Amino acid sequence: MSGAAGQSATREVKVGERLPERAYTPDNVQLMLYNAALWNAHRIHFDEPYAREVEGYPGLVIAGPLLGDWLNQCVEEWLKDDGVLTSIEYSNRIATYIGETLVSGGTVSAFDPSTGEVVLDVFIRNEAGDIVAPGVATARLTVS
Amino acid sequence: MSALLSEELLANIGRTSEPRRELVTRRDIRKYAVATGNRQRKYLDGDQAPPMFHVPLFWDVVELDQLTPDGVSIDTLLPKFPLEKAMAGGLRIEYHRPIFPGDWLTATRTLTAIYEKQGRSGPLIFYEVVMDIVNDDGELVIREKTTRILR
């Protein structure tokens, strides 16, 4: 169990440490596969004339939970096998469209070496530099 | 007393959906991992489900005539709200146990809150839906809270 006397996290983490960034440029194929995996038939994700002419979007809308998934990936790729993701919360603030390149990243905002608990601020950023999906994740590093 | 939210509407708080039980398969995990651009072998091979795999696992499967013309399925847990334009919402997910192919998981959704706030350009309605996902031993695997804003 975590938090027992004298134990500490097996990996050293510093508050302020940045998570590696990753760029995603999803195309129609990836967006189709994602929505097919969900069984999501919302036209704004695959019917471009509908998205533009009926809903007034500038293009095909990237599904919000796909950005949420990337936040999870960002934390897990940083964690490697040194711990587990325990929670995440995020919101989709700004819509994103096929053709955009989006970047995931984050920063360690708190760390308790005795329990291995880490808090991370994570984000998806668009090319204009806006945070389109901010989030906060928690993870628990292995202690021994 | 809220301006927008009638007693009748608020009486929907606590409403719960029928539990849904679904099987986790290696193939579905692989499809999801590929489609999300995941780079971890254990997910791409379907040995374990990545975070957020519960999203495809419990997405509503309805018959064609139950989809709206824009391809959306109606969420029958929700009452009709006096505001309908959806704004950005948020999600909070707690991961309690890992998910593996062969697991049977059961999800139950509860409408846990409806409240009103004054926004910059008028009133906003917030609602929250909690989805609890348990395994066949009744252990909590994932708890997800969705918050949606209507204007």
# chains A, B, ... in the order shown; residues from 1 in each chain; ligands from 1
>>> interface_residues(of="chain A", to="chain B", cutoff="7 Å", atoms="only C-alpha atoms", output="list in words")
Gln30, Leu33, Tyr34, Ala37, Leu38, Trp39, Ala41, His42, Arg43, Leu66, Asp69, Asn72, Gln73, Thr86, Ser87, Ile88, Glu89, Tyr90, Ser91, Asn92 and Arg93 of chain A
>>> write_last_selection(atoms="N, CA and C atoms", output="mmCIF file, in the first residue's frame")
data_model
loop_
_atom_site.group_PDB
_atom_site.id
_atom_site.type_symbol
_atom_site.label_atom_id
_atom_site.label_comp_id
_atom_site.auth_asym_id
_atom_site.auth_seq_id
_atom_site.Cartn_x
_atom_site.Cartn_y
_atom_site.Cartn_z
ATOM 1 N N GLN A 30 -8.833 9.272 -39.681
ATOM 2 C CA GLN A 30 -8.768 9.033 -38.231
ATOM 3 C C GLN A 30 -10.075 9.420 -37.552
ATOM 4 N N LEU A 33 -12.629 6.732 -38.192
ATOM 5 C CA LEU A 33 -12.374 5.525 -37.390
ATOM 6 C C LEU A 33 -12.738 5.758 -35.928
ATOM 7 N N TYR A 34 -12.432 6.952 -35.418
ATOM 8 C CA TYR A 34 -12.741 7.254 -34.017
ATOM 9 C C TYR A 34 -14.249 7.206 -33.776
ATOM 10 N N ALA A 37 -15.573 3.733 -33.984
ATOM 11 C CA ALA A 37 -15.268 2.948 -32.777
ATOM 12 C C ALA A 37 -16.273 3.269 -31.669
ATOM 13 N N LEU A 38 -16.724 4.525 -31.628
ATOM 14 C CA LEU A 38 -17.724 4.909 -30.629
ATOM 15 C C LEU A 38 -19.150 4.531 -31.058
ATOM 16 N N TRP A 39 -19.356 4.405 -32.374
ATOM 17 C CA TRP A 39 -20.697 4.293 -32.951
ATOM 18 C C TRP A 39 -21.410 5.642 -32.861
ATOM 19 N N ALA A 41 -22.734 8.736 -34.810
ATOM 20 C CA ALA A 41 -23.141 9.076 -36.177
ATOM 21 C C ALA A 41 -23.381 10.571 -36.387
ATOM 22 N N HIS A 42 -22.937 11.413 -35.438
ATOM 23 C CA HIS A 42 -23.193 12.847 -35.561
ATOM 24 C C HIS A 42 -22.540 13.393 -36.838
ATOM 25 N N ARG A 43 -23.373 13.968 -37.699
ATOM 26 C CA ARG A 43 -22.935 14.395 -39.025
ATOM 27 C C ARG A 43 -21.805 15.420 -39.023
ATOM 28 N N LEU A 66 -12.156 12.925 -28.181
ATOM 29 C CA LEU A 66 -10.859 12.523 -28.751
ATOM 30 C C LEU A 66 -9.751 13.391 -28.149
ATOM 31 N N ASP A 69 -9.093 12.115 -24.790
ATOM 32 C CA ASP A 69 -8.252 10.914 -24.830
ATOM 33 C C ASP A 69 -6.777 11.300 -24.914
ATOM 34 N N ASN A 72 -5.270 12.031 -21.644
ATOM 35 C CA ASN A 72 -4.942 10.784 -20.943
ATOM 36 C C ASN A 72 -3.632 10.192 -21.468
ATOM 37 N N GLN A 73 -3.481 10.190 -22.795
ATOM 38 C CA GLN A 73 -2.252 9.651 -23.399
ATOM 39 C C GLN A 73 -1.026 10.430 -22.947
ATOM 40 N N THR A 86 -4.947 7.937 -12.061
ATOM 41 C CA THR A 86 -6.065 7.659 -11.150
ATOM 42 C C THR A 86 -7.303 8.512 -11.444
ATOM 43 N N SER A 87 -7.111 9.706 -12.015
ATOM 44 C CA SER A 87 -8.284 10.502 -12.386
ATOM 45 C C SER A 87 -7.892 11.563 -13.398
ATOM 46 N N ILE A 88 -8.902 12.040 -14.112
ATOM 47 C CA ILE A 88 -8.660 13.166 -15.015
ATOM 48 C C ILE A 88 -9.954 13.959 -15.126
ATOM 49 N N GLU A 89 -9.840 15.267 -15.202
ATOM 50 C CA GLU A 89 -11.007 16.064 -15.557
ATOM 51 C C GLU A 89 -10.585 17.086 -16.590
ATOM 52 N N TYR A 90 -11.467 17.345 -17.522
ATOM 53 C CA TYR A 90 -11.128 18.288 -18.586
ATOM 54 C C TYR A 90 -12.414 18.869 -19.135
ATOM 55 N N SER A 91 -12.277 19.943 -19.878
ATOM 56 C CA SER A 91 -13.429 20.471 -20.599
ATOM 57 C C SER A 91 -13.004 20.875 -22.003
ATOM 58 N N ASN A 92 -13.936 20.793 -22.922
ATOM 59 C CA ASN A 92 -13.713 21.235 -24.298
ATOM 60 C C ASN A 92 -14.178 22.679 -24.391
ATOM 61 N N ARG A 93 -13.223 23.612 -24.501
ATOM 62 C CA ARG A 93 -13.550 25.047 -24.456
ATOM 63 C C ARG A 93 -13.740 25.656 -25.838
#
>>> residues_around(residues="Phe100 in chain B", least_positions_apart="3", cutoff="6 Å", atoms="only C-alpha atoms", output="list in words")
Gln48, Ala49 and Asp103 of chain B
>>> residues_around(residues="Glu117 in chain A", least_positions_apart="5", cutoff="9 Å", atoms="only C-alpha atoms", output="count of residues only")
8
>>> residues_around(residues="range 16-21 of chain A", least_positions_apart="4", cutoff="7 Å", atoms="only C-alpha atoms", output="PDB file with N, CA and C atoms, in the first residue's frame")
ATOM      1  N   TRP A  78       4.021   9.960 -20.139  1.00  0.00           N
ATOM      2  CA  TRP A  78       4.986  10.518 -19.184  1.00  0.00           C
ATOM      3  C   TRP A  78       5.203   9.553 -18.012  1.00  0.00           C
ATOM      4  N   VAL A 103      -1.654  20.281 -30.091  1.00  0.00           N
ATOM      5  CA  VAL A 103      -0.519  19.811 -29.299  1.00  0.00           C
ATOM      6  C   VAL A 103      -0.972  19.518 -27.871  1.00  0.00           C
ATOM      7  N   SER A 104      -0.608  18.331 -27.393  1.00  0.00           N
ATOM      8  CA  SER A 104      -0.897  17.982 -25.997  1.00  0.00           C
ATOM      9  C   SER A 104       0.346  18.226 -25.155  1.00  0.00           C
ATOM     10  N   GLY A 105       0.118  18.573 -23.898  1.00  0.00           N
ATOM     11  CA  GLY A 105       1.246  18.791 -22.987  1.00  0.00           C
ATOM     12  C   GLY A 105       0.747  18.984 -21.580  1.00  0.00           C
ATOM     13  N   GLY A 106       1.674  19.288 -20.678  1.00  0.00           N
ATOM     14  CA  GLY A 106       1.259  19.486 -19.292  1.00  0.00           C
ATOM     15  C   GLY A 106       2.438  19.785 -18.382  1.00  0.00           C
ATOM     16  N   THR A 107       2.109  20.011 -17.118  1.00  0.00           N
ATOM     17  CA  THR A 107       3.096  20.362 -16.099  1.00  0.00           C
ATOM     18  C   THR A 107       2.715  19.682 -14.787  1.00  0.00           C
ATOM     19  N   VAL A 108       3.712  19.237 -14.043  1.00  0.00           N
ATOM     20  CA  VAL A 108       3.456  18.691 -12.702  1.00  0.00           C
ATOM     21  C   VAL A 108       3.164  19.860 -11.765  1.00  0.00           C
ATOM     22  N   SER A 109       2.000  19.834 -11.105  1.00  0.00           N
ATOM     23  CA  SER A 109       1.668  20.954 -10.216  1.00  0.00           C
ATOM     24  C   SER A 109       1.794  20.587  -8.745  1.00  0.00           C
TER      25      SER A 109
END
>>> select_by_dssp(residues="range 60-144 of chain B", states="strand (DSSP E or B)", output="ChimeraX atom specification")
/B:67,73,86-95,104-119,122-135,140-144
>>> write_last_selection(atoms="C-alpha atoms", output="mmCIF file, in the first residue's frame")
data_model
loop_
_atom_site.group_PDB
_atom_site.id
_atom_site.type_symbol
_atom_site.label_atom_id
_atom_site.label_comp_id
_atom_site.auth_asym_id
_atom_site.auth_seq_id
_atom_site.Cartn_x
_atom_site.Cartn_y
_atom_site.Cartn_z
ATOM 1 C CA LEU B 67 -31.349 8.786 -34.624
ATOM 2 C CA SER B 73 -29.298 9.607 -30.461
ATOM 3 C CA ALA B 86 -25.434 23.146 -25.626
ATOM 4 C CA MET B 87 -22.221 24.892 -24.578
ATOM 5 C CA ALA B 88 -18.880 23.402 -23.606
ATOM 6 C CA GLY B 89 -19.164 20.771 -20.964
ATOM 7 C CA GLY B 90 -16.713 18.960 -18.787
ATOM 8 C CA LEU B 91 -15.860 15.441 -17.831
ATOM 9 C CA ARG B 92 -14.341 14.024 -14.682
ATOM 10 C CA ILE B 93 -13.218 10.388 -14.695
ATOM 11 C CA GLU B 94 -11.954 8.343 -11.750
ATOM 12 C CA TYR B 95 -10.046 5.196 -12.677
ATOM 13 C CA TRP B 104 -18.051 -7.857 -18.393
ATOM 14 C CA LEU B 105 -18.827 -4.340 -17.201
ATOM 15 C CA THR B 106 -22.122 -2.789 -16.178
ATOM 16 C CA ALA B 107 -22.823 0.939 -16.407
ATOM 17 C CA THR B 108 -25.577 2.818 -14.623
ATOM 18 C CA ARG B 109 -26.177 6.503 -15.282
ATOM 19 C CA THR B 110 -27.819 8.878 -12.806
ATOM 20 C CA LEU B 111 -28.922 12.459 -13.347
ATOM 21 C CA THR B 112 -27.383 13.884 -10.163
ATOM 22 C CA ALA B 113 -27.854 17.642 -10.464
ATOM 23 C CA ILE B 114 -29.746 20.372 -12.324
ATOM 24 C CA TYR B 115 -29.037 23.995 -11.420
ATOM 25 C CA GLU B 116 -29.145 27.472 -12.858
ATOM 26 C CA LYS B 117 -26.501 30.205 -12.932
ATOM 27 C CA GLN B 118 -26.483 33.700 -14.331
ATOM 28 C CA GLY B 119 -24.094 33.925 -17.277
ATOM 29 C CA GLY B 122 -28.273 35.429 -19.753
ATOM 30 C CA PRO B 123 -29.223 32.426 -17.664
ATOM 31 C CA LEU B 124 -27.463 29.090 -17.980
ATOM 32 C CA ILE B 125 -28.660 25.649 -16.999
ATOM 33 C CA PHE B 126 -26.134 23.127 -15.710
ATOM 34 C CA TYR B 127 -26.791 19.443 -15.335
ATOM 35 C CA GLU B 128 -24.632 16.558 -14.159
ATOM 36 C CA VAL B 129 -24.796 12.877 -15.043
ATOM 37 C CA VAL B 130 -22.753 10.322 -13.105
ATOM 38 C CA MET B 131 -21.988 6.985 -14.718
ATOM 39 C CA ASP B 132 -20.806 4.232 -12.396
ATOM 40 C CA ILE B 133 -19.178 1.241 -14.059
ATOM 41 C CA VAL B 134 -18.796 -1.943 -12.028
ATOM 42 C CA ASN B 135 -17.446 -5.428 -12.768
ATOM 43 C CA LEU B 140 -16.294 0.033 -8.946
ATOM 44 C CA VAL B 141 -14.083 0.205 -12.060
ATOM 45 C CA ILE B 142 -14.766 3.738 -13.319
ATOM 46 C CA ARG B 143 -16.830 6.670 -12.112
ATOM 47 C CA GLU B 144 -17.449 9.400 -14.673
#
>>> select_by_dssp(residues="range 15-104 of chain A", states="helix (DSSP H, G or I)", output="compact mmCIF listing (two decimals) with C-alpha atoms, in the first residue's frame")
# COMPACT_ATOMS: atom_id res chain seq x y z
CA ASN A 28 -10.82 12.47 -42.11
CA VAL A 29 -9.73 8.85 -41.90
CA GLN A 30 -8.77 9.03 -38.23
CA LEU A 31 -11.90 11.00 -37.35
CA MET A 32 -14.06 8.43 -39.17
CA LEU A 33 -12.37 5.53 -37.39
CA TYR A 34 -12.74 7.25 -34.02
CA ASN A 35 -16.45 7.92 -34.43
CA ALA A 36 -16.98 4.43 -35.85
CA ALA A 37 -15.27 2.95 -32.78
CA LEU A 38 -17.72 4.91 -30.63
CA ARG A 43 -22.93 14.40 -39.03
CA ILE A 44 -20.69 17.27 -37.97
CA HIS A 45 -17.86 14.71 -37.80
CA GLU A 48 -18.69 18.31 -44.47
CA PRO A 49 -21.48 20.05 -46.48
CA TYR A 50 -23.80 19.50 -43.50
CA ALA A 51 -21.21 20.78 -41.01
CA ARG A 52 -20.63 23.92 -43.09
CA GLU A 53 -24.03 24.73 -44.53
CA VAL A 54 -26.45 23.56 -41.83
CA GLY A 64 -14.46 16.52 -28.10
CA PRO A 65 -13.69 13.25 -26.28
CA LEU A 66 -10.86 12.52 -28.75
CA LEU A 67 -9.06 15.56 -27.32
CA GLY A 68 -9.86 14.22 -23.87
CA ASP A 69 -8.25 10.91 -24.83
CA TRP A 70 -5.07 12.72 -25.88
CA LEU A 71 -4.85 14.30 -22.42
CA ASN A 72 -4.94 10.78 -20.94
CA GLN A 73 -2.25 9.65 -23.40
CA CYS A 74 -0.09 12.62 -22.48
CA VAL A 75 -0.11 11.63 -18.79
CA GLU A 76 0.34 7.90 -19.45
CA GLU A 77 3.28 8.40 -21.83
CA TRP A 78 4.99 10.52 -19.18
CA LEU A 79 4.18 7.99 -16.42
>>> atom_distance(atom1="CA of Gly116 in chain A", atom2="CA of Val143 in chain A")
6.1 Å
>>> residues_around(residues="Asp27 in chain A", least_positions_apart="5", cutoff="10 Å", atoms="only C-alpha atoms", output="PyMOL selection string")
chain A and resi 32+60+62+97-101
